[in-house]
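Raw start.cif, mmCIF, C-alpha atoms:
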```cif
data_protein
#
loop_
_atom_site.label_atom_id
_atom_site.label_comp_id
_atom_site.auth_asym_id
_atom_site.auth_seq_id
_atom_site.Cartn_x
_atom_site.Cartn_y
_atom_site.Cartn_z
CA MET A 1 -83.74 102.47 150.70
CA ALA A 2 -80.22 103.77 151.07
CA PRO A 3 -78.72 103.85 154.57
CA THR A 4 -78.51 107.61 154.59
CA GLY A 5 -82.11 108.10 153.63
CA ASP A 6 -81.07 109.62 150.30
CA THR A 7 -82.34 108.45 146.96
CA ALA A 8 -78.79 107.98 145.65
CA VAL A 9 -77.32 104.52 146.19
CA VAL A 10 -73.63 103.67 145.91
CA LEU A 11 -73.06 100.25 144.37
CA LEU A 12 -70.02 98.23 145.38
CA LYS A 13 -68.59 97.57 141.92
CA SER A 14 -64.85 97.75 142.63
CA PRO A 15 -62.36 98.58 145.41
CA LYS A 16 -62.53 102.30 144.53
CA ASP A 17 -66.19 102.29 145.67
CA TRP A 18 -65.42 100.77 149.07
CA THR A 19 -64.73 103.94 151.06
CA ARG A 20 -67.86 105.81 150.00
CA TRP A 21 -70.00 102.67 150.13
CA LEU A 22 -68.93 101.95 153.71
CA ALA A 23 -69.19 105.63 154.68
CA LEU A 24 -72.91 105.67 153.88
CA ILE A 25 -73.44 102.59 156.02
CA LYS A 26 -71.34 104.04 158.84
CA THR A 27 -73.34 107.27 158.81
CA LYS A 28 -76.62 105.53 159.48
CA ALA A 29 -75.06 103.18 162.02
CA VAL A 30 -73.46 106.06 163.94
CA ASN A 31 -76.70 108.04 163.90
CA ASN A 32 -78.42 105.08 165.56
CA ASP A 33 -75.57 104.27 167.97
CA LEU A 34 -74.83 100.96 166.24
CA TRP A 35 -71.44 101.39 164.59
CA GLN A 36 -69.53 99.83 167.50
CA HIS A 37 -71.55 96.64 166.95
CA ILE A 38 -70.92 96.31 163.19
CA ASP A 39 -67.56 98.04 162.60
CA PRO A 40 -65.63 95.60 160.35
CA SER A 41 -62.28 96.88 161.65
CA ILE A 42 -63.10 95.38 165.08
CA ALA A 43 -62.58 91.63 165.32
CA SER A 44 -64.86 91.10 168.33
CA PRO A 45 -67.38 93.95 168.66
CA PRO A 46 -69.57 94.22 171.77
CA SER A 47 -72.57 91.93 171.59
CA PHE A 48 -75.91 93.36 170.61
CA THR A 49 -78.46 91.70 172.87
CA PRO A 50 -81.84 92.77 174.19
CA PRO A 51 -82.05 94.13 177.76
CA VAL A 52 -82.78 91.59 180.48
CA LYS A 53 -86.17 91.87 182.12
CA PRO A 54 -85.99 92.45 185.90
CA LEU A 55 -87.45 89.70 188.16
CA PRO A 56 -89.34 90.31 191.40
CA ALA A 57 -86.87 88.09 193.28
CA GLN A 58 -84.09 90.60 192.57
CA TYR A 59 -85.87 93.13 194.82
CA ALA A 60 -87.21 90.77 197.49
CA SER A 61 -85.56 89.99 200.80
CA PRO A 62 -82.48 87.71 200.65
CA GLY A 63 -83.38 84.07 200.21
CA ALA A 64 -86.71 84.71 198.51
CA GLU A 65 -85.74 83.20 195.17
CA THR A 66 -89.36 82.49 194.25
CA ALA A 67 -90.72 85.86 195.22
CA THR A 68 -93.58 87.35 193.17
CA THR A 69 -94.81 90.90 192.84
CA ALA A 70 -97.51 90.12 195.37
CA SER A 71 -94.95 89.13 198.01
CA LEU A 72 -92.93 92.32 197.67
CA THR A 73 -93.19 95.07 200.21
CA ALA A 74 -94.35 98.51 199.06
CA ALA A 75 -90.78 99.80 198.91
CA GLN A 76 -89.56 96.68 197.09
CA PHE A 77 -92.38 96.86 194.60
CA GLN A 78 -91.68 100.54 193.96
CA ARG A 79 -88.04 99.74 193.08
CA TYR A 80 -89.11 96.80 190.95
CA ASN A 81 -91.72 98.88 189.09
CA ALA A 82 -89.16 101.65 188.39
CA GLU A 83 -86.75 99.09 186.90
CA ILE A 84 -89.54 97.63 184.76
CA LEU A 85 -90.21 101.06 183.26
CA VAL A 86 -86.51 101.48 182.46
CA TRP A 87 -86.44 98.00 180.90
CA GLN A 88 -89.45 98.81 178.73
CA GLU A 89 -87.73 101.92 177.35
CA GLU A 90 -84.51 100.00 176.71
CA LEU A 91 -86.45 97.24 174.97
CA LYS A 92 -88.20 99.78 172.75
CA ASP A 93 -84.83 101.30 171.82
CA HIS A 94 -83.38 97.85 171.17
CA ARG A 95 -86.21 96.95 168.81
CA LYS A 96 -85.65 100.19 166.85
CA LYS A 97 -81.98 99.32 166.49
CA VAL A 98 -82.81 95.81 165.36
CA LYS A 99 -84.95 97.32 162.64
CA VAL A 100 -82.11 99.61 161.56
CA ILE A 101 -79.65 96.70 161.45
CA THR A 102 -82.10 94.79 159.28
CA GLU A 103 -82.37 97.77 156.92
CA ILE A 104 -78.59 98.13 156.69
CA GLU A 105 -78.10 94.42 156.07
CA ASP A 106 -80.75 94.50 153.35
CA HIS A 107 -78.89 97.45 151.80
CA VAL A 108 -75.61 95.52 151.93
CA ILE A 109 -77.18 92.55 150.17
CA ARG A 110 -78.74 94.74 147.45
CA THR A 111 -75.62 96.79 146.75
CA ALA A 112 -72.90 94.13 147.07
CA GLY A 113 -73.15 93.50 143.34
CA THR A 114 -70.60 90.99 142.04
CA TYR A 115 -69.29 90.52 145.58
CA TRP A 116 -72.49 88.82 146.72
CA SER A 117 -70.79 85.42 146.52
CA THR A 118 -68.34 86.65 149.17
CA ILE A 119 -71.09 87.04 151.78
CA GLU A 120 -73.64 84.56 150.50
CA SER A 121 -72.74 81.88 153.03
CA VAL A 122 -72.14 84.27 155.94
CA THR A 123 -74.80 85.37 158.42
CA GLY A 124 -74.87 88.51 160.51
CA LEU A 125 -74.21 92.09 159.43
CA HIS A 126 -70.82 92.38 161.14
CA ALA A 127 -69.58 89.11 159.69
CA ARG A 128 -70.64 90.14 156.21
CA LEU A 129 -68.95 93.52 156.45
CA VAL A 130 -65.75 91.84 157.66
CA LYS A 131 -65.78 89.49 154.66
CA LEU A 132 -66.36 92.34 152.24
CA LYS A 133 -63.59 94.38 153.84
CA GLU A 134 -61.17 91.48 153.41
CA ARG A 135 -62.21 91.00 149.79
CA VAL A 136 -62.85 94.53 148.51
CA ALA A 137 -61.20 97.20 150.67
CA PRO A 138 -58.07 98.59 148.98
CA SER A 139 -54.75 98.42 150.79
CA THR A 140 -53.54 101.49 152.64
CA TYR A 141 -51.04 102.14 149.88
CA ALA A 142 -53.64 101.81 147.13
CA ARG A 143 -56.02 104.02 149.06
CA GLU A 144 -53.37 106.70 149.47
CA GLN A 145 -52.50 106.60 145.78
CA GLU A 146 -56.15 106.98 144.79
CA VAL A 147 -56.68 109.92 147.17
CA ILE A 148 -53.48 111.61 145.96
CA ARG A 149 -54.61 111.18 142.36
CA ARG A 150 -58.01 112.73 143.07
CA TYR A 151 -56.48 115.59 145.08
CA GLU A 152 -53.99 116.39 142.31
CA GLN A 153 -56.69 116.13 139.65
CA VAL A 154 -59.15 118.44 141.37
CA ARG A 155 -56.44 121.09 141.69
CA ILE A 156 -56.28 121.48 137.91
CA GLU A 157 -60.00 121.16 137.12
CA ALA A 158 -61.34 124.44 138.48
CA LYS A 159 -63.68 125.97 135.90
CA SER A 160 -65.97 128.96 136.06
CA THR A 161 -68.75 127.03 134.30
CA ARG A 162 -69.06 124.36 137.00
CA THR A 163 -67.68 126.07 140.05
CA GLU A 164 -70.09 124.68 142.65
CA GLU A 165 -69.58 121.13 141.43
CA TRP A 166 -65.82 121.62 141.50
CA LEU A 167 -65.92 123.04 145.03
CA ALA A 168 -67.74 119.92 146.24
CA GLU A 169 -65.11 117.73 144.58
CA TRP A 170 -62.35 119.79 146.19
CA GLU A 171 -63.86 119.42 149.66
CA ASN A 172 -64.33 115.65 149.24
CA ALA A 173 -60.77 115.12 148.01
CA LEU A 174 -59.33 117.32 150.74
CA ARG A 175 -61.33 115.54 153.45
CA ASP A 176 -60.05 112.14 152.32
CA ALA A 177 -56.46 113.42 152.11
CA ILE A 178 -56.63 114.86 155.64
CA GLU A 179 -58.09 111.60 156.94
CA LEU A 180 -55.02 109.79 155.59
CA HIS A 181 -52.66 112.45 157.01
CA LEU A 182 -51.03 113.03 153.63
CA PRO A 183 -48.10 115.50 153.68
CA ASP A 184 -49.63 117.58 150.86
CA VAL A 185 -52.49 118.72 153.09
CA GLN A 186 -50.56 119.71 156.20
CA ASP A 187 -50.21 123.24 157.56
CA THR A 188 -51.32 125.95 155.06
CA ARG A 189 -50.64 123.88 151.95
CA PRO A 190 -54.32 123.18 151.11
CA THR A 191 -55.06 126.91 151.22
CA ARG A 192 -52.20 127.69 148.85
CA HIS A 193 -53.22 124.85 146.55
CA PHE A 194 -56.79 126.17 146.45
CA LEU A 195 -55.70 129.70 145.64
CA GLN A 196 -53.49 128.45 142.81
CA ALA A 197 -56.40 126.38 141.47
CA VAL A 198 -58.90 129.27 141.34
CA GLU A 199 -56.45 131.85 140.01
CA LYS A 200 -57.73 131.45 136.45
CA ILE A 201 -61.33 131.89 137.67
CA ASN A 202 -60.74 134.89 139.90
CA PRO A 203 -57.15 136.19 139.83
CA LEU A 204 -58.01 139.11 142.12
CA PHE A 205 -59.25 136.72 144.83
CA THR A 206 -56.06 134.68 144.61
CA GLN A 207 -53.72 137.67 144.65
CA THR A 208 -55.56 139.31 147.55
CA TRP A 209 -55.27 136.23 149.74
CA PHE A 210 -51.67 135.54 148.79
CA ASN A 211 -50.88 139.11 149.78
CA THR A 212 -52.72 138.67 153.07
CA ILE A 213 -50.89 135.46 153.92
CA GLU A 214 -47.54 136.99 153.04
CA ALA A 215 -48.31 140.09 155.10
CA ASN A 216 -49.17 137.95 158.13
CA ALA A 217 -45.96 135.96 157.71
CA VAL A 218 -43.85 139.14 157.59
CA MET A 219 -45.67 141.27 160.16
CA SER A 220 -46.25 138.51 162.74
CA PRO A 221 -43.39 136.00 162.37
CA GLU A 222 -43.91 134.78 165.92
CA THR A 223 -47.47 133.66 165.11
CA GLN A 224 -48.11 130.29 163.53
CA LEU A 225 -49.35 131.08 160.06
CA LYS A 226 -52.00 128.36 160.05
CA THR A 227 -53.73 129.93 163.05
CA VAL A 228 -54.41 133.17 161.15
CA THR A 229 -54.99 131.67 157.70
CA PRO A 230 -58.25 130.04 156.54
CA ASP A 231 -57.84 126.30 156.12
CA GLY A 232 -58.69 124.47 152.89
CA PHE A 233 -62.39 124.23 153.72
CA GLN A 234 -62.74 127.78 155.00
CA ILE A 235 -61.06 129.36 151.98
CA ALA A 236 -63.34 127.29 149.74
CA GLN A 237 -66.39 128.61 151.59
CA ILE A 238 -65.14 132.20 151.34
CA PHE A 239 -64.60 131.74 147.62
CA ARG A 240 -68.04 130.12 147.23
CA ASN A 241 -69.73 133.05 148.94
CA GLN A 242 -67.90 135.68 146.90
CA HIS A 243 -68.33 133.79 143.64
CA SER A 244 -72.06 133.52 144.29
CA LEU A 245 -72.22 137.24 145.03
CA ARG A 246 -70.34 138.07 141.82
CA SER A 247 -72.64 135.81 139.81
CA ASN A 248 -75.72 137.51 141.23
CA THR A 249 -74.44 141.00 140.54
CA THR A 250 -73.51 140.18 136.95
CA GLN A 251 -76.55 138.07 136.16
CA GLY A 252 -78.28 141.04 134.58
CA ALA A 253 -75.62 141.41 131.90
CA PHE A 254 -76.95 141.27 128.33
CA THR A 255 -80.54 141.76 129.45
CA ALA A 256 -82.82 143.88 127.27
CA HIS A 257 -80.90 146.96 126.08
CA THR A 258 -78.04 146.27 128.52
CA PHE A 259 -74.44 145.19 127.98
CA GLN A 260 -73.22 146.29 131.38
CA ARG A 261 -69.57 145.85 132.43
CA GLU A 262 -69.57 146.77 136.09
CA GLN A 263 -72.72 148.70 136.93
CA ALA A 264 -75.97 149.10 135.01
CA PRO A 265 -76.37 152.73 133.93
CA SER A 266 -79.50 154.74 134.60
CA SER A 267 -82.53 153.69 132.59
CA LEU A 268 -82.79 157.29 131.44
CA LYS A 269 -79.45 157.09 129.62
CA PRO A 270 -78.62 155.15 126.45
CA GLU A 271 -76.64 151.94 126.99
CA GLU A 272 -73.01 151.96 125.95
CA CYS A 273 -72.09 149.35 123.37
CA PRO A 274 -69.38 147.04 124.79
CA LEU A 275 -68.03 146.36 121.30
CA HIS A 276 -67.97 149.80 119.68
CA ARG A 277 -67.49 152.40 122.39
CA CYS A 278 -68.20 155.22 119.94
CA HIS A 279 -71.96 154.64 119.83
CA ASP A 280 -74.89 153.28 121.84
CA LEU A 281 -76.05 149.68 121.96
CA ASP A 282 -79.36 150.51 120.30
CA ASN A 283 -77.47 151.94 117.32
CA CYS A 284 -74.99 149.06 116.90
CA TYR A 285 -75.38 147.11 113.66
CA THR A 286 -73.44 144.17 115.14
CA PHE A 287 -76.16 143.37 117.71
CA ASN A 288 -79.17 144.74 115.77
CA LYS A 289 -79.55 142.90 112.48
CA ALA A 290 -82.75 144.76 111.65
CA LYS A 291 -80.90 148.10 111.56
CA ARG A 292 -78.06 146.99 109.29
CA PRO A 293 -77.81 148.63 105.85
CA ASP A 294 -77.49 146.42 102.79
CA ASP A 295 -73.76 147.02 102.43
CA TRP A 296 -72.90 146.17 106.07
CA THR A 297 -70.21 143.51 106.54
CA TRP A 298 -68.35 141.90 109.43
CA ASN A 299 -64.69 142.47 110.11
CA LYS A 300 -62.43 139.92 111.74
CA ARG A 301 -61.71 141.82 114.95
CA ALA A 302 -65.33 142.77 115.55
CA ALA A 303 -66.47 139.16 115.02
CA SER A 304 -63.85 137.86 117.47
CA GLU A 305 -64.80 140.41 120.14
CA ALA A 306 -68.52 139.78 119.66
CA VAL A 307 -68.03 136.05 120.25
CA LYS A 308 -66.10 136.73 123.46
CA ILE A 309 -68.73 139.15 124.78
CA ILE A 310 -71.73 136.96 124.01
CA GLU A 311 -70.18 133.78 125.42
CA ARG A 312 -69.69 135.34 128.84
CA ASP A 313 -73.03 134.08 130.16
CA THR A 314 -75.89 131.80 129.10
CA GLU A 315 -78.46 134.60 129.01
CA SER A 316 -76.45 136.49 126.41
CA GLN A 317 -75.93 133.31 124.40
CA GLU A 318 -79.68 132.77 124.31
CA LYS A 319 -80.55 136.38 123.47
CA TYR A 320 -77.90 136.76 120.76
CA ARG A 321 -77.81 133.22 119.47
CA ASP A 322 -78.13 134.27 115.82
CA ILE A 323 -75.42 136.92 116.19
CA LEU A 324 -73.08 134.40 117.82
CA THR A 325 -73.64 131.86 115.03
CA GLU A 326 -73.16 134.50 112.37
CA ALA A 327 -69.90 135.75 113.91
CA LYS A 328 -68.48 132.25 114.29
CA GLU A 329 -69.37 131.35 110.71
CA PHE A 330 -67.63 134.50 109.49
CA LEU A 331 -64.49 133.64 111.46
CA ASN A 332 -64.52 130.07 110.18
CA ASP A 333 -64.77 131.33 106.62
CA GLN A 334 -61.84 133.69 107.19
CA GLY A 335 -59.59 131.05 108.71
CA GLU A 336 -55.86 131.73 108.45
CA SER A 337 -56.34 133.50 105.13
CA GLY A 338 -58.30 136.42 106.63
CA THR A 339 -56.97 139.61 105.17
CA GLU A 340 -58.12 142.03 107.89
CA SER A 341 -55.68 143.00 110.59
CA GLN A 342 -56.34 141.83 114.16
CA THR A 343 -55.35 145.25 115.38
CA ALA A 344 -57.74 147.08 113.10
CA THR A 345 -60.26 149.42 114.67
CA LEU A 346 -63.55 147.82 115.68
CA CYS A 347 -65.60 150.53 114.05
CA GLN A 348 -65.73 150.38 110.29
CA PRO A 349 -66.19 153.60 108.26
CA GLU A 350 -69.72 154.93 108.24
CA PRO A 351 -72.23 153.58 107.60
CA ALA A 352 -70.85 150.02 107.90
CA CYS A 353 -70.85 149.59 111.68
CA TYR A 354 -73.30 152.25 112.88
CA PRO A 355 -75.77 154.71 111.45
CA PRO A 356 -74.45 157.97 109.96
CA GLY A 357 -73.89 160.74 112.50
CA VAL A 358 -73.94 158.40 115.55
CA CYS A 359 -70.21 157.88 116.14
CA ARG A 360 -69.21 160.13 119.03
CA THR A 361 -65.54 160.09 118.05
CA SER A 362 -66.02 161.39 114.51
#
```
Would you mind writing the structure in this file as structure tokens?
Amino acid sequence: MAPTGDTAVVLLKSPKDWTRWLALIKTKAVNNDLWQHIDPSIASPPSFTPPVKPLPAQYASPGAETATTASLTAAQFQRYNAEILVWQEELKDHRKKVKVITEIEDHVIRTAGTYWSTIESVTGLHARLVKLKERVAPSTYAREQEVIRRYEQVRIEAKSTRTEEWLAEWENALRDAIELHLPDVQDTRPTRHFLQAVEKINPLFTQTWFNTIEANAVMSPETQLKTVTPDGFQIAQIFRNQHSLRSNTTQGAFTAHTFQREQAPSSLKPEECPLHRCHDLDNCYTFNKAKRPDDWTWNKRAASEAVKIIERDTESQEKYRDILTEAKEFLNDQGESGTESQTATLCQPEPACYPPGVCRTS
């Protein structure tokens, strides 16, 4: 079992695994008040020994080195009995900690991988962790370079298709960078870096917060900006909450008879086609193959727009899979030699793109 109680286990395969590998061990040790006894950064940690059982002589009158419980007075016996109860509780706690240390040491042995030879001849959890630290732990410089690389990388990897995963990577990289006191994560820099990273996902979010920060800087120059600006973790949580809200409100897009842009219209009204604004969705030949006349054909602009609309969410891609494939195949066939203008109107002359008499602009 992993030290954290999770099913995931981090294997110590190379120096880059050291920090996370040790962090899992430290978490369980700290939770059980054991880290000070096994911390490999401490040369001589406090000893971990069982509590000493009280003796009756300790509570007897001076000089009674061989005193027994029977020879104690009532008051002496009461003190002795109270100390015995405390000792029993301490012994129970000690035994629990011994069990945890055994579990952690077993985990170290199972996950040390190719570094097993480093600790094979060493006994004791602390001694083994010290040996592994000497052998595996990266230097401070190497650690800083790795954290800087991850922090720089995560800043350019923000994608709308894996936002939650990216947010977790951002928080992990930022936490490590702060722990190393890197200059790039001081003051309000992490917040600005985050806003720049998510600009392509939600430009309005980025611009709004940049405006807010700038307004605070101008209107309250005497106030430290970092005290009125969300830090790197807080801005990530704000973005997570708003992104989740946006996803929920737009999840219904491309449901049955709906290609909504901002707000689903009343069920009593026909749905507007997002591709050809001059007619309703139910009357659009592009998204209703069964209604197309024999002489209906694609045009280059309509195919391009249809692909963009359908690929906005997975539900639409599933519902209009055939349409998406058909549009992409048409565009591939056209290639660079396509003769139709990209600026041509989306609606072809009747009846090519919609049934006769439906176009509201004719």
Two-atom distance - CA of Glu105 in chain A, CA of Arg175 in chain A (Å):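 Distance between the two atoms: 27.1 Å.
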Given the file shown, determine the residues that the PyMOL selection byres ((chain A and resi 97) around 12) selects; report them as a ChimeraX atom specification. /A:28-35,37-38,48-50,90-96,98-104
Which of A:Val198, A:Pro230, A:Pro183, A:Asn332 sits closest to Ile213 in chain A [using all atoms listed in the file]: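 Between A:Val198, A:Pro230, A:Pro183, A:Asn332, the residue approaching Ile213 in chain A most closely is A:Pro230.
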Point-to-point distance from CA of Phe194 in chain A to CA of Trp166 in chain A, Å rounded to tenths: 11.3 Å
Kindly list the centre and edge lengths in Å, rounded to one decimal, for the axis-aligned box that covers all listed atoms of range 137-151 of chain A plus 4 Å on each of its six sides, as JSON.
```
{"center_x": -56.1, "center_y": 106.4, "center_z": 147.5, "size_x": 18.2, "size_y": 26.4, "size_z": 18.3}
```
Please, what distance in Å, to one decimal, runs between CA of Ile178 in chain A and CA of Arg149 in chain A?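 Separating CA of Ile178 in chain A from CA of Arg149 in chain A is a distance of 13.9 Å.
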Taking 2 positions as the minimum chain separation for residues in the same chain, which residues sit within 9 Å of range 124-133 of chain A when counting only C-alpha atoms? Answer as a ChimeraX atom specification. /A:18,22,37-43,45,101-102,104-105,108,112,115-116,118-120,122,135-138
Could you write those residues out with C-alpha atoms, as a PDB file, keeping the file's coordinate frame?
```pdb
ATOM      1  CA  TRP A  18     -65.420 100.770 149.070  1.00  0.00           C
ATOM      2  CA  LEU A  22     -68.930 101.950 153.710  1.00  0.00           C
ATOM      3  CA  HIS A  37     -71.550  96.640 166.950  1.00  0.00           C
ATOM      4  CA  ILE A  38     -70.920  96.310 163.190  1.00  0.00           C
ATOM      5  CA  ASP A  39     -67.560  98.040 162.600  1.00  0.00           C
ATOM      6  CA  PRO A  40     -65.630  95.600 160.350  1.00  0.00           C
ATOM      7  CA  SER A  41     -62.280  96.880 161.650  1.00  0.00           C
ATOM      8  CA  ILE A  42     -63.100  95.380 165.080  1.00  0.00           C
ATOM      9  CA  ALA A  43     -62.580  91.630 165.320  1.00  0.00           C
ATOM     10  CA  PRO A  45     -67.380  93.950 168.660  1.00  0.00           C
ATOM     11  CA  ILE A 101     -79.650  96.700 161.450  1.00  0.00           C
ATOM     12  CA  THR A 102     -82.100  94.790 159.280  1.00  0.00           C
ATOM     13  CA  ILE A 104     -78.590  98.130 156.690  1.00  0.00           C
ATOM     14  CA  GLU A 105     -78.100  94.420 156.070  1.00  0.00           C
ATOM     15  CA  VAL A 108     -75.610  95.520 151.930  1.00  0.00           C
ATOM     16  CA  ALA A 112     -72.900  94.130 147.070  1.00  0.00           C
ATOM     17  CA  TYR A 115     -69.290  90.520 145.580  1.00  0.00           C
ATOM     18  CA  TRP A 116     -72.490  88.820 146.720  1.00  0.00           C
ATOM     19  CA  THR A 118     -68.340  86.650 149.170  1.00  0.00           C
ATOM     20  CA  ILE A 119     -71.090  87.040 151.780  1.00  0.00           C
ATOM     21  CA  GLU A 120     -73.640  84.560 150.500  1.00  0.00           C
ATOM     22  CA  VAL A 122     -72.140  84.270 155.940  1.00  0.00           C
ATOM     23  CA  ARG A 135     -62.210  91.000 149.790  1.00  0.00           C
ATOM     24  CA  VAL A 136     -62.850  94.530 148.510  1.00  0.00           C
ATOM     25  CA  ALA A 137     -61.200  97.200 150.670  1.00  0.00           C
ATOM     26  CA  PRO A 138     -58.070  98.590 148.980  1.00  0.00           C
TER      27      PRO A 138
END
```
Completed range 288-304 of chain A (N, CA and C atoms) as a CSV table (one decimal), keeping the file's coordinate frame:
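Result went into result.csv, see below:
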```csv
chain,number,residue,atom,x,y,z
A,288,ASN,N,-77.8,144.4,116.2
A,288,ASN,CA,-79.2,144.7,115.8
A,288,ASN,C,-79.2,144.5,114.3
A,289,LYS,N,-79.5,143.3,113.9
A,289,LYS,CA,-79.6,142.9,112.5
A,289,LYS,C,-80.6,143.7,111.7
A,290,ALA,N,-81.7,144.1,112.4
A,290,ALA,CA,-82.8,144.8,111.6
A,290,ALA,C,-82.3,146.2,111.2
A,291,LYS,N,-81.3,146.7,111.9
A,291,LYS,CA,-80.9,148.1,111.6
A,291,LYS,C,-79.7,148.2,110.6
A,292,ARG,N,-79.2,147.0,110.2
A,292,ARG,CA,-78.1,147.0,109.3
A,292,ARG,C,-78.4,147.4,107.9
A,293,PRO,N,-77.6,148.3,107.3
A,293,PRO,CA,-77.8,148.6,105.8
A,293,PRO,C,-77.4,147.5,105.0
A,294,ASP,N,-77.8,147.5,103.7
A,294,ASP,CA,-77.5,146.4,102.8
A,294,ASP,C,-76.0,146.2,102.6
A,295,ASP,N,-75.2,147.2,102.7
A,295,ASP,CA,-73.8,147.0,102.4
A,295,ASP,C,-72.9,146.8,103.7
A,296,TRP,N,-73.6,146.4,104.8
A,296,TRP,CA,-72.9,146.2,106.1
A,296,TRP,C,-72.2,144.8,106.0
A,297,THR,N,-71.0,144.8,106.5
A,297,THR,CA,-70.2,143.5,106.5
A,297,THR,C,-69.5,143.4,107.9
A,298,TRP,N,-69.1,142.1,108.2
A,298,TRP,CA,-68.4,141.9,109.4
A,298,TRP,C,-66.9,142.3,109.2
A,299,ASN,N,-66.1,142.5,110.2
A,299,ASN,CA,-64.7,142.5,110.1
A,299,ASN,C,-64.2,141.5,111.1
A,300,LYS,N,-63.0,141.0,110.9
A,300,LYS,CA,-62.4,139.9,111.7
A,300,LYS,C,-62.3,140.3,113.2
A,301,ARG,N,-61.9,141.4,113.5
A,301,ARG,CA,-61.7,141.8,115.0
A,301,ARG,C,-63.1,142.0,115.6
A,302,ALA,N,-64.0,142.6,115.0
A,302,ALA,CA,-65.3,142.8,115.6
A,302,ALA,C,-66.0,141.4,115.8
A,303,ALA,N,-65.9,140.5,114.9
A,303,ALA,CA,-66.5,139.2,115.0
A,303,ALA,C,-65.9,138.4,116.2
A,304,SER,N,-64.5,138.5,116.4
A,304,SER,CA,-63.8,137.9,117.5
A,304,SER,C,-64.3,138.4,118.8
```
